[in-house]
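Pasting my_file03.cif here (mmCIF, C-alpha atoms):
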```cif
data_model
loop_
_atom_site.group_PDB
_atom_site.id
_atom_site.type_symbol
_atom_site.label_atom_id
_atom_site.label_comp_id
_atom_site.auth_asym_id
_atom_site.auth_seq_id
_atom_site.Cartn_x
_atom_site.Cartn_y
_atom_site.Cartn_z
ATOM 1 C CA MET A 1 0.000 0.000 0.000
ATOM 2 C CA THR A 2 1.286 3.421 -0.977
ATOM 3 C CA LYS A 3 1.915 5.605 1.977
ATOM 4 C CA GLY A 4 0.356 9.096 1.804
ATOM 5 C CA VAL A 5 2.450 12.221 2.005
ATOM 6 C CA ARG A 6 2.296 13.766 5.450
ATOM 7 C CA PRO A 7 1.767 17.533 5.544
ATOM 8 C CA VAL A 8 4.831 19.527 6.553
ATOM 9 C CA ARG A 9 4.347 21.740 9.558
ATOM 10 C CA SER A 10 5.880 25.193 9.443
ATOM 11 C CA THR A 11 8.539 25.931 12.020
ATOM 12 C CA LEU A 12 7.739 29.692 11.938
ATOM 13 C CA PRO A 13 5.714 31.029 14.830
ATOM 14 C CA SER A 14 2.131 31.698 14.043
ATOM 15 C CA THR A 15 1.022 35.328 13.645
ATOM 16 C CA ARG A 16 -1.363 36.456 16.314
ATOM 17 C CA ARG A 17 -4.026 38.909 15.462
ATOM 18 C CA LEU A 18 -4.505 41.912 17.757
ATOM 19 C CA PRO A 19 -7.903 42.246 19.229
ATOM 20 C CA LEU A 20 -10.045 44.839 17.420
ATOM 21 C CA ALA A 21 -10.269 47.095 20.485
ATOM 22 C CA ALA A 22 -6.479 47.258 20.931
ATOM 23 C CA GLY A 23 -5.981 48.240 17.287
ATOM 24 C CA ALA A 24 -8.456 51.062 17.633
ATOM 25 C CA VAL A 25 -6.603 52.405 20.659
ATOM 26 C CA LEU A 26 -3.268 52.411 18.820
ATOM 27 C CA THR A 27 -4.842 54.249 15.878
ATOM 28 C CA ALA A 28 -6.236 56.961 18.159
ATOM 29 C CA VAL A 29 -2.854 57.447 19.834
ATOM 30 C CA ALA A 30 -1.108 57.810 16.459
ATOM 31 C CA VAL A 31 -3.608 60.431 15.284
ATOM 32 C CA ALA A 32 -3.226 62.405 18.509
ATOM 33 C CA THR A 33 0.585 62.315 18.250
ATOM 34 C CA LEU A 34 0.506 63.490 14.640
ATOM 35 C CA GLY A 35 -1.774 66.396 15.566
ATOM 36 C CA ALA A 36 0.542 67.459 18.364
ATOM 37 C CA CYS A 37 3.546 67.411 16.032
ATOM 38 C CA THR A 38 1.905 69.494 13.325
ATOM 39 C CA SER A 39 0.678 72.144 15.798
ATOM 40 C CA SER A 40 4.009 72.542 17.573
ATOM 41 C CA GLY A 41 5.362 76.112 17.702
ATOM 42 C CA SER A 42 2.110 77.873 16.828
ATOM 43 C CA SER A 43 -0.948 79.081 18.629
ATOM 44 C CA ASP A 44 -4.113 80.883 17.642
ATOM 45 C CA GLY A 45 -3.433 84.589 17.248
ATOM 46 C CA ALA A 46 0.262 84.389 18.153
ATOM 47 C CA ASP A 47 2.808 86.534 16.322
ATOM 48 C CA GLY A 48 6.579 86.818 16.127
ATOM 49 C CA ASP A 49 6.697 89.181 19.111
ATOM 50 C CA GLY A 50 5.050 86.736 21.473
ATOM 51 C CA LYS A 51 1.726 88.564 21.648
ATOM 52 C CA THR A 52 -1.429 86.493 21.421
ATOM 53 C CA GLY A 53 -4.900 87.310 20.281
ATOM 54 C CA PRO A 54 -8.117 86.727 22.220
ATOM 55 C CA VAL A 55 -8.613 83.174 23.432
ATOM 56 C CA THR A 56 -11.693 81.701 21.798
ATOM 57 C CA GLY A 57 -14.262 80.523 24.257
ATOM 58 C CA GLY A 58 -12.212 81.634 27.245
ATOM 59 C CA SER A 59 -12.043 84.662 29.523
ATOM 60 C CA VAL A 60 -8.382 85.529 28.844
ATOM 61 C CA SER A 61 -7.685 88.159 26.162
ATOM 62 C CA SER A 62 -4.674 90.160 25.056
ATOM 63 C CA ALA A 63 -4.182 93.751 24.027
ATOM 64 C CA PRO A 64 -3.818 94.082 20.255
ATOM 65 C CA PRO A 65 -0.357 94.041 18.663
ATOM 66 C CA GLY A 66 1.127 97.216 17.234
ATOM 67 C CA LYS A 67 0.130 98.716 13.902
ATOM 68 C CA TYR A 68 3.632 98.483 12.459
ATOM 69 C CA ARG A 69 5.417 95.135 12.299
ATOM 70 C CA THR A 70 8.572 96.202 10.443
ATOM 71 C CA LEU A 71 10.798 99.264 10.091
ATOM 72 C CA PRO A 72 12.068 101.025 6.954
ATOM 73 C CA GLN A 73 15.694 100.994 5.897
ATOM 74 C CA PRO A 74 17.146 103.943 7.871
ATOM 75 C CA CYS A 75 19.929 105.134 5.571
ATOM 76 C CA THR A 76 17.510 105.668 2.686
ATOM 77 C CA SER A 77 14.834 107.349 4.794
ATOM 78 C CA VAL A 78 16.133 110.886 4.194
ATOM 79 C CA ASP A 79 16.306 112.310 0.685
ATOM 80 C CA THR A 80 19.736 113.158 -0.664
ATOM 81 C CA ASP A 81 18.950 116.846 -1.218
ATOM 82 C CA SER A 82 18.168 117.250 2.485
ATOM 83 C CA LEU A 83 21.358 115.431 3.458
ATOM 84 C CA LYS A 84 23.454 117.699 1.270
ATOM 85 C CA LYS A 85 22.070 120.735 3.069
ATOM 86 C CA LEU A 86 22.392 119.311 6.585
ATOM 87 C CA VAL A 87 25.826 117.682 6.228
ATOM 88 C CA PRO A 88 27.434 119.448 3.257
ATOM 89 C CA GLY A 89 30.710 118.290 1.825
ATOM 90 C CA LEU A 90 30.367 114.547 2.319
ATOM 91 C CA GLN A 91 31.928 112.364 -0.332
ATOM 92 C CA ASP A 92 29.425 109.573 0.274
ATOM 93 C CA TYR A 93 25.835 110.085 1.429
ATOM 94 C CA SER A 94 24.996 106.412 1.863
ATOM 95 C CA GLY A 95 25.333 106.809 5.664
ATOM 96 C CA ALA A 96 26.719 104.560 8.388
ATOM 97 C CA GLU A 97 24.098 102.044 9.441
ATOM 98 C CA SER A 98 23.960 101.244 13.151
ATOM 99 C CA LEU A 99 24.729 97.792 14.456
ATOM 100 C CA THR A 100 21.540 96.042 15.479
ATOM 101 C CA TYR A 101 20.538 92.433 16.028
ATOM 102 C CA ASP A 102 16.925 92.754 14.917
ATOM 103 C CA THR A 103 16.151 95.191 12.127
ATOM 104 C CA ASP A 104 12.439 94.703 12.711
ATOM 105 C CA ARG A 105 12.850 96.227 16.167
ATOM 106 C CA LEU A 106 15.682 98.794 16.025
ATOM 107 C CA VAL A 107 17.445 100.535 13.143
ATOM 108 C CA GLY A 108 19.564 103.656 12.814
ATOM 109 C CA CYS A 109 21.886 105.592 10.547
ATOM 110 C CA SER A 110 24.277 108.540 10.848
ATOM 111 C CA TRP A 111 26.149 111.024 8.673
ATOM 112 C CA LYS A 112 29.128 113.063 9.890
ATOM 113 C CA VAL A 113 31.364 115.644 8.253
ATOM 114 C CA LYS A 114 34.143 117.921 9.509
ATOM 115 C CA ALA A 115 35.151 121.060 7.630
ATOM 116 C CA ALA A 116 38.625 122.581 7.383
ATOM 117 C CA ASP A 117 37.604 125.560 9.549
ATOM 118 C CA GLY A 118 36.911 123.286 12.507
ATOM 119 C CA THR A 119 33.156 123.074 12.171
ATOM 120 C CA SER A 120 31.537 119.671 12.178
ATOM 121 C CA ARG A 121 28.045 118.343 11.686
ATOM 122 C CA LEU A 122 26.498 115.082 12.792
ATOM 123 C CA LEU A 123 23.053 113.873 11.815
ATOM 124 C CA SER A 124 21.793 110.635 13.319
ATOM 125 C CA LEU A 125 18.431 108.945 13.421
ATOM 126 C CA SER A 126 16.934 105.883 15.019
ATOM 127 C CA LEU A 127 13.654 104.025 14.759
ATOM 128 C CA VAL A 128 12.385 101.726 17.494
ATOM 129 C CA ARG A 129 9.356 99.480 17.143
ATOM 130 C CA VAL A 130 7.991 99.153 20.633
ATOM 131 C CA VAL A 131 6.595 95.823 21.782
ATOM 132 C CA SER A 132 4.768 95.320 25.059
ATOM 133 C CA TYR A 133 4.867 91.871 26.616
ATOM 134 C CA ASP A 134 2.241 92.723 29.202
ATOM 135 C CA PRO A 135 -0.961 91.120 27.881
ATOM 136 C CA SER A 136 -3.020 93.993 29.261
ATOM 137 C CA VAL A 137 -0.947 96.746 27.602
ATOM 138 C CA SER A 138 -0.962 97.292 23.851
ATOM 139 C CA ASP A 139 2.201 98.083 21.912
ATOM 140 C CA GLU A 140 0.878 101.550 21.113
ATOM 141 C CA ALA A 141 0.086 102.280 24.765
ATOM 142 C CA GLN A 142 3.606 101.182 25.713
ATOM 143 C CA ALA A 143 5.105 103.442 23.037
ATOM 144 C CA SER A 144 3.018 106.358 24.309
ATOM 145 C CA SER A 145 4.252 105.744 27.851
ATOM 146 C CA ASP A 146 7.866 105.603 26.648
ATOM 147 C CA PHE A 147 7.428 108.879 24.791
ATOM 148 C CA ASP A 148 5.980 110.595 27.864
ATOM 149 C CA LYS A 149 8.893 109.422 30.011
ATOM 150 C CA ARG A 150 11.404 110.814 27.578
ATOM 151 C CA ALA A 151 9.608 114.149 27.362
ATOM 152 C CA GLN A 152 9.534 114.412 31.156
ATOM 153 C CA ALA A 153 13.230 113.556 31.410
ATOM 154 C CA ALA A 154 14.010 116.359 28.961
ATOM 155 C CA SER A 155 11.879 118.832 30.998
ATOM 156 C CA ILE A 156 9.596 119.471 28.042
ATOM 157 C CA PRO A 157 6.547 121.628 28.973
ATOM 158 C CA SER A 158 3.396 119.540 29.158
ATOM 159 C CA THR A 159 1.462 121.810 26.797
ATOM 160 C CA PRO A 160 2.283 122.832 23.229
ATOM 161 C CA PRO A 161 2.860 126.508 22.311
ATOM 162 C CA GLY A 162 -0.362 128.481 22.686
ATOM 163 C CA GLY A 163 -1.773 126.071 25.275
ATOM 164 C CA SER A 164 -2.427 126.663 28.957
ATOM 165 C CA PRO A 165 0.585 127.603 31.122
ATOM 166 C CA SER A 166 2.791 124.743 32.187
ATOM 167 C CA THR A 167 4.497 124.275 35.514
ATOM 168 C CA THR A 168 7.722 123.624 33.644
ATOM 169 C CA SER A 169 9.321 126.764 32.278
ATOM 170 C CA PRO A 170 10.216 126.418 28.582
ATOM 171 C CA THR A 171 13.291 128.581 29.158
ATOM 172 C CA THR A 172 14.792 126.312 31.768
ATOM 173 C CA PRO A 173 18.344 125.395 30.689
ATOM 174 C CA THR A 174 18.618 121.820 29.537
ATOM 175 C CA THR A 175 21.819 119.964 30.304
ATOM 176 C CA SER A 176 21.239 116.919 28.194
ATOM 177 C CA SER A 177 19.498 115.950 25.049
ATOM 178 C CA SER A 178 16.111 114.324 24.970
ATOM 179 C CA THR A 179 17.204 110.781 25.647
ATOM 180 C CA GLY A 180 17.327 110.857 29.400
ATOM 181 C CA THR A 181 15.325 107.696 29.930
ATOM 182 C CA ALA A 182 15.295 104.224 28.561
ATOM 183 C CA ASN A 183 12.287 102.814 26.799
ATOM 184 C CA SER A 184 10.373 99.859 28.065
ATOM 185 C CA GLY A 185 10.196 97.371 25.259
ATOM 186 C CA SER A 186 12.200 99.580 22.890
ATOM 187 C CA ASN A 187 15.819 98.805 23.386
ATOM 188 C CA GLY A 188 18.609 97.487 21.240
ATOM 189 C CA SER A 189 18.286 93.908 22.467
ATOM 190 C CA ALA A 190 15.303 93.192 20.286
ATOM 191 C CA GLY A 191 12.751 90.735 21.542
ATOM 192 C CA THR A 192 13.009 91.828 25.162
ATOM 193 C CA SER A 193 10.994 94.208 27.257
ATOM 194 C CA GLY A 194 12.128 96.454 30.043
ATOM 195 C CA SER A 195 14.267 99.531 30.497
ATOM 196 C CA SER A 196 17.781 98.281 29.950
ATOM 197 C CA ALA A 197 20.173 100.705 28.252
ATOM 198 C CA THR A 198 21.818 99.879 24.981
ATOM 199 C CA SER A 199 24.341 101.206 22.581
ATOM 200 C CA GLY A 200 21.917 102.654 20.120
ATOM 201 C CA ALA A 201 21.530 103.884 16.613
ATOM 202 C CA GLY A 202 23.736 106.487 15.128
ATOM 203 C CA GLY A 203 26.837 105.034 16.717
ATOM 204 C CA ASN A 204 26.405 106.911 19.977
ATOM 205 C CA SER A 205 26.001 105.770 23.541
ATOM 206 C CA SER A 206 22.345 106.062 24.445
ATOM 207 C CA SER A 207 19.695 104.919 26.847
ATOM 208 C CA GLY A 208 17.365 102.739 24.933
ATOM 209 C CA SER A 209 16.646 104.788 21.837
ATOM 210 C CA GLY A 210 19.738 105.269 19.765
ATOM 211 C CA ALA A 211 20.127 109.018 20.308
ATOM 212 C CA PRO A 212 23.299 110.491 21.767
ATOM 213 C CA SER A 213 23.672 111.339 25.414
ATOM 214 C CA SER A 214 24.430 114.708 26.977
ATOM 215 C CA THR A 215 26.197 117.268 24.846
ATOM 216 C CA GLY A 216 27.886 118.843 27.841
ATOM 217 C CA SER A 217 27.974 119.098 31.601
ATOM 218 C CA SER A 218 25.751 121.444 33.619
ATOM 219 C CA ASP A 219 28.649 123.923 33.742
ATOM 220 C CA ASP A 220 28.863 124.511 30.014
ATOM 221 C CA ALA A 221 25.342 123.848 28.736
ATOM 222 C CA ILE A 222 22.954 126.714 28.073
ATOM 223 C CA GLY A 223 19.289 126.758 27.238
ATOM 224 C CA ALA A 224 17.757 127.111 23.809
ATOM 225 C CA ASN A 225 16.130 130.458 24.647
ATOM 226 C CA ASP A 226 19.413 132.336 24.941
ATOM 227 C CA ALA A 227 20.881 135.331 23.143
ATOM 228 C CA ASN A 228 21.610 133.138 20.152
ATOM 229 C CA THR A 229 18.004 132.099 19.572
ATOM 230 C CA GLY A 230 16.203 135.299 20.500
ATOM 231 C CA SER A 231 12.791 133.605 20.451
ATOM 232 C CA PRO A 232 10.874 131.520 22.969
ATOM 233 C CA ASP A 233 9.342 129.696 19.991
ATOM 234 C CA LEU A 234 12.639 127.875 19.634
ATOM 235 C CA ALA A 235 12.706 126.663 23.236
ATOM 236 C CA PRO A 236 12.278 122.950 24.112
ATOM 237 C CA ARG A 237 8.611 122.252 23.478
ATOM 238 C CA LEU A 238 5.946 119.854 22.260
ATOM 239 C CA LEU A 239 5.400 119.878 18.507
ATOM 240 C CA SER A 240 2.146 119.522 16.612
ATOM 241 C CA GLY A 241 1.794 118.050 13.161
ATOM 242 C CA VAL A 242 4.494 115.402 13.591
ATOM 243 C CA GLY A 243 3.254 111.864 14.225
ATOM 244 C CA ASN A 244 0.833 111.211 17.084
ATOM 245 C CA ALA A 245 3.064 113.141 19.492
ATOM 246 C CA ALA A 246 6.414 114.909 19.211
ATOM 247 C CA PHE A 247 8.811 117.163 21.084
ATOM 248 C CA ILE A 248 11.978 119.037 20.246
ATOM 249 C CA ASN A 249 14.874 119.734 22.606
ATOM 250 C CA ASP A 250 17.708 122.203 22.092
ATOM 251 C CA VAL A 251 21.002 122.122 23.950
ATOM 252 C CA ALA A 252 23.842 124.575 23.393
ATOM 253 C CA LYS A 253 27.380 124.376 24.712
ATOM 254 C CA LYS A 254 29.173 127.555 25.773
ATOM 255 C CA PRO A 255 32.020 128.994 23.716
ATOM 256 C CA GLY A 256 35.568 128.453 24.886
ATOM 257 C CA LYS A 257 35.706 124.673 24.693
ATOM 258 C CA GLY A 258 34.360 124.301 21.209
ATOM 259 C CA ALA A 259 30.817 125.662 21.093
ATOM 260 C CA SER A 260 28.127 123.386 19.745
ATOM 261 C CA ARG A 261 24.384 122.977 19.582
ATOM 262 C CA THR A 262 22.408 119.746 19.547
ATOM 263 C CA VAL A 263 18.776 119.597 18.495
ATOM 264 C CA THR A 264 16.912 116.381 19.274
ATOM 265 C CA LEU A 265 13.442 115.677 17.914
ATOM 266 C CA VAL A 266 11.493 112.675 19.162
ATOM 267 C CA PHE A 267 8.139 111.631 17.749
ATOM 268 C CA ARG A 268 5.765 108.688 18.002
ATOM 269 C CA THR A 269 3.586 107.256 15.287
ATOM 270 C CA ALA A 270 1.473 104.354 16.567
ATOM 271 C CA ASN A 271 3.944 101.851 18.102
ATOM 272 C CA VAL A 272 7.109 103.348 16.569
ATOM 273 C CA LEU A 273 9.376 105.852 18.309
ATOM 274 C CA ALA A 274 11.707 107.904 16.106
ATOM 275 C CA THR A 275 14.637 110.074 17.212
ATOM 276 C CA VAL A 276 16.416 112.644 15.064
ATOM 277 C CA THR A 277 19.597 114.213 16.478
ATOM 278 C CA TYR A 278 21.360 117.038 14.678
ATOM 279 C CA THR A 279 24.585 118.453 16.141
ATOM 280 C CA GLN A 280 26.682 121.287 14.775
ATOM 281 C CA SER A 281 29.903 122.494 16.372
ATOM 282 C CA SER A 282 31.682 125.820 15.888
ATOM 283 C CA PRO A 283 35.375 126.648 16.022
ATOM 284 C CA THR A 284 36.857 127.449 19.446
ATOM 285 C CA ASP A 285 35.546 130.666 21.048
ATOM 286 C CA ALA A 286 32.790 131.033 18.464
ATOM 287 C CA GLN A 287 29.137 131.282 19.420
ATOM 288 C CA PRO A 288 26.960 128.172 19.186
ATOM 289 C CA PRO A 289 25.199 127.718 15.838
ATOM 290 C CA LYS A 290 21.761 129.217 15.352
ATOM 291 C CA SER A 291 18.838 127.250 16.754
ATOM 292 C CA ALA A 292 16.440 128.087 13.935
ATOM 293 C CA ASP A 293 18.595 126.456 11.248
ATOM 294 C CA LEU A 294 19.198 123.260 13.196
ATOM 295 C CA GLN A 295 15.589 122.897 14.294
ATOM 296 C CA LYS A 296 14.320 123.397 10.763
ATOM 297 C CA GLY A 297 16.670 120.684 9.533
ATOM 298 C CA ALA A 298 15.622 118.248 12.275
ATOM 299 C CA GLU A 299 11.944 118.816 11.483
ATOM 300 C CA LYS A 300 12.543 118.109 7.795
ATOM 301 C CA VAL A 301 14.247 114.802 8.626
ATOM 302 C CA ALA A 302 11.415 113.894 11.016
ATOM 303 C CA SER A 303 8.888 114.509 8.248
ATOM 304 C CA ASP A 304 10.806 112.206 5.908
ATOM 305 C CA LEU A 305 10.977 109.516 8.584
ATOM 306 C CA GLN A 306 7.280 109.702 9.331
ATOM 307 C CA HIS A 307 6.397 109.203 5.671
ATOM 308 C CA LYS A 308 8.735 106.223 5.473
ATOM 309 C CA VAL A 309 7.273 104.547 8.550
ATOM 310 C CA GLU A 310 3.683 105.141 7.565
ATOM 311 C CA GLY A 311 4.324 104.101 3.980
#
```
Would you mind writing the file's structure down as structure tokens?
Amino acid sequence: MTKGVRPVRSTLPSTRRLPLAAGAVLTAVAVATLGACTSSGSSDGADGDGKTGPVTGGSVSSAPPGKYRTLPQPCTSVDTDSLKKLVPGLQDYSGAESLTYDTDRLVGCSWKVKAADGTSRLLSLSLVRVVSYDPSVSDEAQASSDFDKRAQAASIPSTPPGGSPSTTSPTTPTTSSSTGTANSGSNGSAGTSGSSATSGAGGNSSSGSGAPSSTGSSDDAIGANDANTGSPDLAPRLLSGVGNAAFINDVAKKPGKGASRTVTLVFRTANVLATVTYTQSSPTDAQPPKSADLQKGAEKVASDLQHKVEG
């Protein structure tokens, strides 16, 4: 009798099927993990400055972010014709751009020339985009607060010309330019808030805004409303028609040590603070330069800057 062929048994282990419920659980976990990975690093309403929009369905909300999210290129913000009048004799009007680590937060540029007769002129500007990291304070409100602090530090009268009398005399001698305070949220270390000082725009030591510090000590500084100006209209004051708020400060240095005059104009448009500093020095023993000429030049630069920021 022919023997039948016996079936060969496989030596491989048999494959076990997972229960249906266990497979469903694994699928749900995988979907949840994938969703977490794709949503990493973003949140509803968040922007590059760390501000968040209102939380949907919750009670927590945030103040709105600032109107302006970027800043213009500073060295092309002033037209060449204006530069030639303010700093005549330069071989190159491209300007020296300030060192900054975040050009969306702080930019600056400066132009400097020295004539053979000993006179020199320096024009510098800086733009700071203020960011508030307090959820209850908007960027614009923070910028307004920073502007007010700077005006107070410069002893600027609290009312514009023609307004009600101020407790601060507009003829009070000013011993430093308008950058006496640092700005919260508007310093050179972009992405941080607070009032830390920084080396600012224009290549000068500053306190948070990029404008130069004092032009002289209290012994050799004189007020804007001196014999050289002849008009209280040229005194440190609030300005109208420039941005949302603006002030101009005027500091002169006595003759004998190299007379000079520095005009600083600070203005705010929405959440951007701009500073224009125009300094002109005279030869030894000469009188400080005229206020009217320097102030007119600073106002022209401020107008150019405002148009650049606002687009």
Interatomic distance between atom CA of A:Ser120 and atom CA of A:Leu238?
-> 27.5 Å
Applied to this file, what does the PyMOL selection byres ((chain A and resi 108-117) around 10) return in terms of residues, put as JSON, numbers by chain?
-> {"A": [72, 73, 74, 75, 76, 77, 83, 86, 87, 88, 89, 90, 91, 92, 93, 94, 95, 96, 97, 98, 99, 100, 103, 106, 107, 118, 119, 120, 121, 122, 123, 124, 125, 126, 127, 128, 200, 201, 202, 203, 204, 209, 210, 211, 274, 275, 276, 277, 278, 279, 280, 281, 282, 283]}
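Relative to atom CA of A:Ala63, atom CA of A:Ser136 is found at 5.4 Å.
Remark: for A:Ala270, the closest of the candidate residues A:Arg129, A:Lys149, A:Lys84, A:Lys300 is A:Arg129 (distances computed over all atoms listed in the file).
Atom CA of A:Asn271 to atom CA of A:Ser138 spans 8.8 Å [interatomic distance, one decimal].
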Taking the file as shown, what set of residues would the PyMOL selection byres ((chain A and resi 142) around 10) give back, as a count of residues only?
-> 23
Selection near A:Val301, 8 Å with all atoms listed in the file, sequence-local residues under 3 positions removed, as a VMD selection string = chain A and resid 78 82 276 297 to 298 304 to 305
